[in-house]
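Written out below as structure tokens is the structure these notes cover.
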Amino acid sequence: RGLFIIRVFLLFLMGETLPRVPGGVPVRTLRVKMVLLGSSGVGKSSLAVRFSKDQFRDSSPTVGCAYLTRVLYLEDITLRFEIWDTAGQEKYHSVTPLYYRGAHAALVVYDICKKETFVRAQVWLRELEKQYIPGSTVVWLIGNKEDLSQNREVSLQEGQNLAQEKGLSFTETSALSGDRVNELLLAVGKSSSHDAPVQTGRLSDNLSLSNGVPQGSDSGPTFGP
Amino acid sequence: MEEDNHQDGEAQEVKISDSQPESIPPADILLGNHECPEPVEGNHSTADDRNQSVDSQPSHVGAEESGLDADVPPHLGAKLEPEETKDSDCLNNMSTHLDGTETEVRVTDNDQSDSGEFVVTMLAKAKLEEQGIGVKGRPSPLLEAGIQESPSFKSQRDEDVTTDSWRQHRKHVFVLSEAGKPIYSRYGSEEALSSTMGVMMALVSFVQSGDNLIRSVYSEEHTVVFLQKGPLVLVCVSSSRQSEQQLLGELLYVYYQIISMLTQASISRIFEHKKNYDLRRLLAGSEKILDGLLNLVDSDPSFLLAAVHCLPLASSLRDSLSQILQKAITPNLVFSILIAKNQLLTIVQEKTVIEDARLEPADVHLLLNLIGASSAFQAGEIWTPICLPLFNPDCYFYAYISYLDPPECTVCLLLLSTDKEAFYAVAECKRKIEEAMLTQNSLSLIAKAQLYSVNQVGVSDLRHFMYKPFDVPDNYRQLTQFTSPEMEAPYSNEEEKMRLLDLYRYMHSRIHSTSRPLKLIYHVAEKETLLAWVTSKFELYTCFSPLVTKTCAITAITKLLRWIKKEEDRLFIRYPPKYSTTPNPSKSSKSSKSEQQDSTDNGYLSPL
Ligand SMILES: Nc1nc2c(ncn2[C@@H]2O[C@H](COP(=O)(O)OP(=O)(O)O)[C@@H](O)[C@H]2O)c(=O)[nH]1
Ligand SMILES: [Mg+2]
């Protein structure tokens, strides 16, 4: 079991450059749609880039929605993450249905050095409950900028408490150092895989995977006129 | 000899004009209609708006230019007698009225001779008040927690507005609401400036109350220009010595960029609801886009010329790129645009949606600025609502933006759809385009494309030029373009570049002067000689070494025009192709209808 996990991590770290399994053995491909929410400046875009490219760049404010992908080849399964990042501003309101619809995981992010973003995260959580996300969505509470914990305004305990109270998964991350970002991505993949749509594909065709089909357009019941 | 139009005088002078700047939005905007009207209607608003920036006065040729025919063929004879300005520093000459103690105020339809005095006092007062209230980067209490921009995005916003360096910026731009609420300031945070903005607003309403619209204030060193558009007031305080027309044009670009993010309809609606709404709530995070626009306006002559610059490219390559775009389509796709190094490679447009309409240069500039302003675009695929204000100020397109050559990120694909749900379909078009470009090796061909050197023209003494044709053959009613070589030595550093641009701006302001437009200007400056010439076929600005003779310059221009003619297939987008994507044209209007509902229901009142 332990060996397997190490193996998975090795595979993970090598990411998309991994040599493919010979013969193109058919494997299950799982599409995992995750959306990032939270106040501006908490590091959503930085997390998205970290998820997708395992890099950190100082980013500009996000315009509209950004769509990033990451494909992970695991032992018996390929995870194709579709990561949606938005500035979450009213002016982009018209594209939010597309954003939320069919999301398997929603990550509500706050900045551990800014209390108000933690308060704001709770508004985001209520918003999620109220309208957007179908029940099957796994909601995560993420305290980001963990590398700055000397300036912390929100304790680890506070984060855990809120998560427990609301029945959410919780972790602290650093998009800057990459700490616990990979683990988070794997955990999201795992927790979402129960009801994520399963596609059969070949290891070698990650480009042609059916991203042309928005999945589960019926799962966001609250949209439309 | 050139003489300035502005009269010198000790006393404050008030100029009166009859022109009525438009301040009332068209009726359909007031109705809050978000649907895309028919293309024809879209163009109406275009025409209205453009009248503001493009001066439509018939040009009269002054005595000095009497020897000139507007349509002289490219081979100019020696009989040509262009106007000549011998003064070594014409910029100073042009604006002597700015340097004296005199202050000049222009308002429209004015009968209050004391308003000039008032304006000056108010502005002076504003300066004094500011000194007391400057607060460094304080977050606005008006902004909801969480919506305000993060400190890391502040940069120019952090500036202390009490310092001299703040005051010495070449060009300030402020946007405020009619109620006097700050919306945007290019330098310094808006709230630190709120008292200045309040004073400006007091000024605007004071002049309005006398049935006047304030247009500009000239003081020592500074020109202050006001533009009111609907519920927004835009103010430019400039020491750049540009003409009022040019500054107004720049303010209009700022207005359009705001419209491109929010639409004119929703701005009107918001302020009808709540006169003192804080629009920064909606613009938060977009200050960088406006900052970027103003930097471009200062450094890129496209804005001055109201034309787009495309990357020179062998016409066969440009055609093949267009064909690639033409083949990768999906319903409701209306524009496919390929950009390299921030310049156009090609534009392909939908046939029926915009049959007679064309994309206005200003809309393209806004799109290019949007792409340039956010490096977030380099991270993934972007999907964002965007309004093209000249095409239609009240409706959104949905822009798909993605770079085709990561990690370099110089070649960018922009696809515009009318359907906000079309992301996946449009993203699929990108994959097709990517694939086709791979097979044709397009990326490496594009990478070789670059600006040309003026040396290629083969005319000694010619240092730089800007050529804007009015009728690229077979390109009628297409995008207005201009061509220009790279700025090379002696204009290779930023300062010299800016100096040349300032000279061009001066020439442009003379050519387009509302009081006395000129067809041809031969201007001997200290370090170079410039010649600007406008005919019914083109507008041309040239820059020569200072020693060039008039005869030489004229021969050079003949050669230059021949060279451009020979190269035009490469220099311009000449045969922009179209495609048809509308098997069910009703769909697009339907989707914009549902969108209208969305935004009425949850729009600016939503808690998010
Ligand atoms: N120290 C630190 N800074 C971060 C971290 N994540 C993001 N940032 C910085 O926080 C700022 C806002 O990040 P961004 O990703 O744009 O936030 P967003 O508005 O939520 O998308 C940027 O300057 C980032 O460089 C992190 O984990 N640690
Ligand atoms: Mg962001």
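In the structure tokens, each chain is lettered A, B, ... as it comes, each chain's residues begin at 1, and ligands are numbered from 1 in order of appearance.
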
Discussion item. If the limit is 7 Å from any atom of ligand 2, counting only C-alpha atoms and all ligand atoms, which residues qualify? Return them as a PyMOL selection string.
Written reply: chain A and resi 40-41+43-45+61-62+85-87

Could you write out the selected residues, including C-alpha atoms, as a tab-separated table (two decimals), in the first residue's frame?
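Saved to selection34.tsv:
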```tsv
chain	number	residue	atom	x	y	z
A	40	SER	CA	-9.40	38.84	-4.86
A	41	GLY	CA	-5.73	38.59	-3.98
A	43	GLY	CA	-3.96	33.45	-4.53
A	44	LYS	CA	-6.58	31.68	-6.63
A	45	SER	CA	-4.79	32.32	-9.90
A	61	PRO	CA	-5.63	40.46	-11.75
A	62	THR	CA	-7.72	37.89	-13.53
A	85	ASP	CA	-10.25	30.38	-12.00
A	86	THR	CA	-12.15	33.65	-11.94
A	87	ALA	CA	-11.90	37.10	-10.48
```

Worksheet item: Within 8 Å of ligand 1, counting only C-alpha atoms and all ligand atoms, which protein or nucleic acid residues do you find, written as a VMD selection string?
Response: (chain A and resid 37 to 48 56 to 62 85 to 87 109 144 to 148 173 to 178) or (chain B and resid 150 152 to 153)

Fill in: Point-to-point distance in Å for atom CA of Phe465 of chain B and atom CA of Thr483 of chain B
8.2 Å

Up to 7 Å from chain B, what residues of chain A turn up? Count only C-alpha atoms and give them as a compact mmCIF listing (two decimals) with N, CA and C atoms, in the first residue's frame.
```txt
# COMPACT_ATOMS: atom_id res chain seq x y z
N SER A 39 -11.93 35.77 -2.20
CA SER A 39 -11.66 37.18 -2.41
C SER A 39 -10.51 37.37 -3.39
N SER A 40 -10.48 38.55 -3.94
CA SER A 40 -9.40 38.84 -4.86
C SER A 40 -8.09 39.00 -4.08
N GLY A 41 -7.03 38.47 -4.61
CA GLY A 41 -5.73 38.59 -3.98
C GLY A 41 -5.35 37.45 -3.04
N VAL A 49 -2.28 28.14 -11.45
CA VAL A 49 -1.07 27.95 -12.23
C VAL A 49 -0.21 26.85 -11.60
N SER A 59 1.19 37.13 -10.57
CA SER A 59 0.16 37.24 -11.59
C SER A 59 -0.51 38.60 -11.58
N SER A 60 -1.20 38.89 -12.66
CA SER A 60 -2.01 40.10 -12.75
C SER A 60 -3.43 39.75 -12.35
N PRO A 61 -4.23 40.76 -12.07
CA PRO A 61 -5.63 40.46 -11.75
C PRO A 61 -6.26 39.68 -12.90
N THR A 62 -7.11 38.75 -12.54
CA THR A 62 -7.72 37.89 -13.53
C THR A 62 -8.83 38.62 -14.28
N VAL A 63 -8.87 38.41 -15.56
CA VAL A 63 -9.96 38.95 -16.39
C VAL A 63 -10.88 37.81 -16.74
N GLY A 64 -12.15 37.96 -16.45
CA GLY A 64 -13.12 36.92 -16.79
C GLY A 64 -12.78 35.60 -16.11
N CYS A 65 -12.91 34.52 -16.85
CA CYS A 65 -12.58 33.20 -16.32
C CYS A 65 -11.34 32.68 -17.02
N ALA A 66 -10.50 32.02 -16.25
CA ALA A 66 -9.35 31.35 -16.86
C ALA A 66 -9.56 29.85 -16.72
N TYR A 67 -9.25 29.15 -17.78
CA TYR A 67 -9.45 27.71 -17.84
C TYR A 67 -8.10 27.06 -18.02
N LEU A 68 -7.72 26.24 -17.07
CA LEU A 68 -6.43 25.55 -17.16
C LEU A 68 -6.66 24.06 -17.01
N GLN A 89 -15.92 38.60 -10.04
CA GLN A 89 -16.52 39.92 -9.92
C GLN A 89 -17.85 39.99 -10.64
N GLU A 90 -18.63 40.93 -10.16
CA GLU A 90 -19.97 41.05 -10.72
C GLU A 90 -19.95 41.29 -12.22
N LYS A 91 -18.94 42.00 -12.68
CA LYS A 91 -18.97 42.32 -14.09
C LYS A 91 -18.81 41.08 -14.96
N TYR A 92 -18.35 40.01 -14.36
CA TYR A 92 -18.24 38.77 -15.12
C TYR A 92 -19.40 37.83 -14.85
N HIS A 93 -20.40 38.39 -14.23
CA HIS A 93 -21.54 37.62 -13.82
C HIS A 93 -22.09 36.71 -14.90
N SER A 94 -22.14 37.20 -16.14
CA SER A 94 -22.81 36.43 -17.18
C SER A 94 -22.12 35.11 -17.49
N VAL A 95 -20.86 34.97 -17.11
CA VAL A 95 -20.20 33.70 -17.41
C VAL A 95 -20.13 32.76 -16.20
N LEU A 98 -21.55 29.00 -16.53
CA LEU A 98 -20.60 28.13 -17.21
C LEU A 98 -19.51 27.68 -16.23
N GLU A 116 -10.02 39.34 6.90
CA GLU A 116 -11.24 39.67 6.17
C GLU A 116 -11.51 38.69 5.03
N THR A 117 -10.43 38.08 4.49
CA THR A 117 -10.67 37.12 3.42
C THR A 117 -11.27 35.83 3.98
N ARG A 120 -14.82 36.65 4.47
CA ARG A 120 -15.41 36.68 3.14
C ARG A 120 -15.61 35.24 2.61
N ASN A 211 -13.09 17.40 -24.47
CA ASN A 211 -13.40 18.64 -23.76
C ASN A 211 -14.43 19.45 -24.53
N GLY A 212 -14.87 18.92 -25.63
CA GLY A 212 -15.89 19.63 -26.40
C GLY A 212 -17.26 19.49 -25.77
N VAL A 213 -17.39 18.56 -24.86
CA VAL A 213 -18.71 18.32 -24.28
C VAL A 213 -18.76 18.82 -22.84
N PRO A 214 -19.48 19.89 -22.63
CA PRO A 214 -19.66 20.31 -21.25
C PRO A 214 -20.50 19.27 -20.53
N PRO A 225 -33.07 31.69 -17.20
CA PRO A 225 -33.93 32.84 -16.92
C PRO A 225 -35.05 32.52 -15.93
```

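Pairwise distance (atom CA of Ser240 of chain B, atom CA of Arg170 of chain B) equals 5.9 Å.
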
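Computed from the coordinates, the atom CA of Val175 of chain B to atom CA of Val254 of chain B distance equals 8.7 Å.
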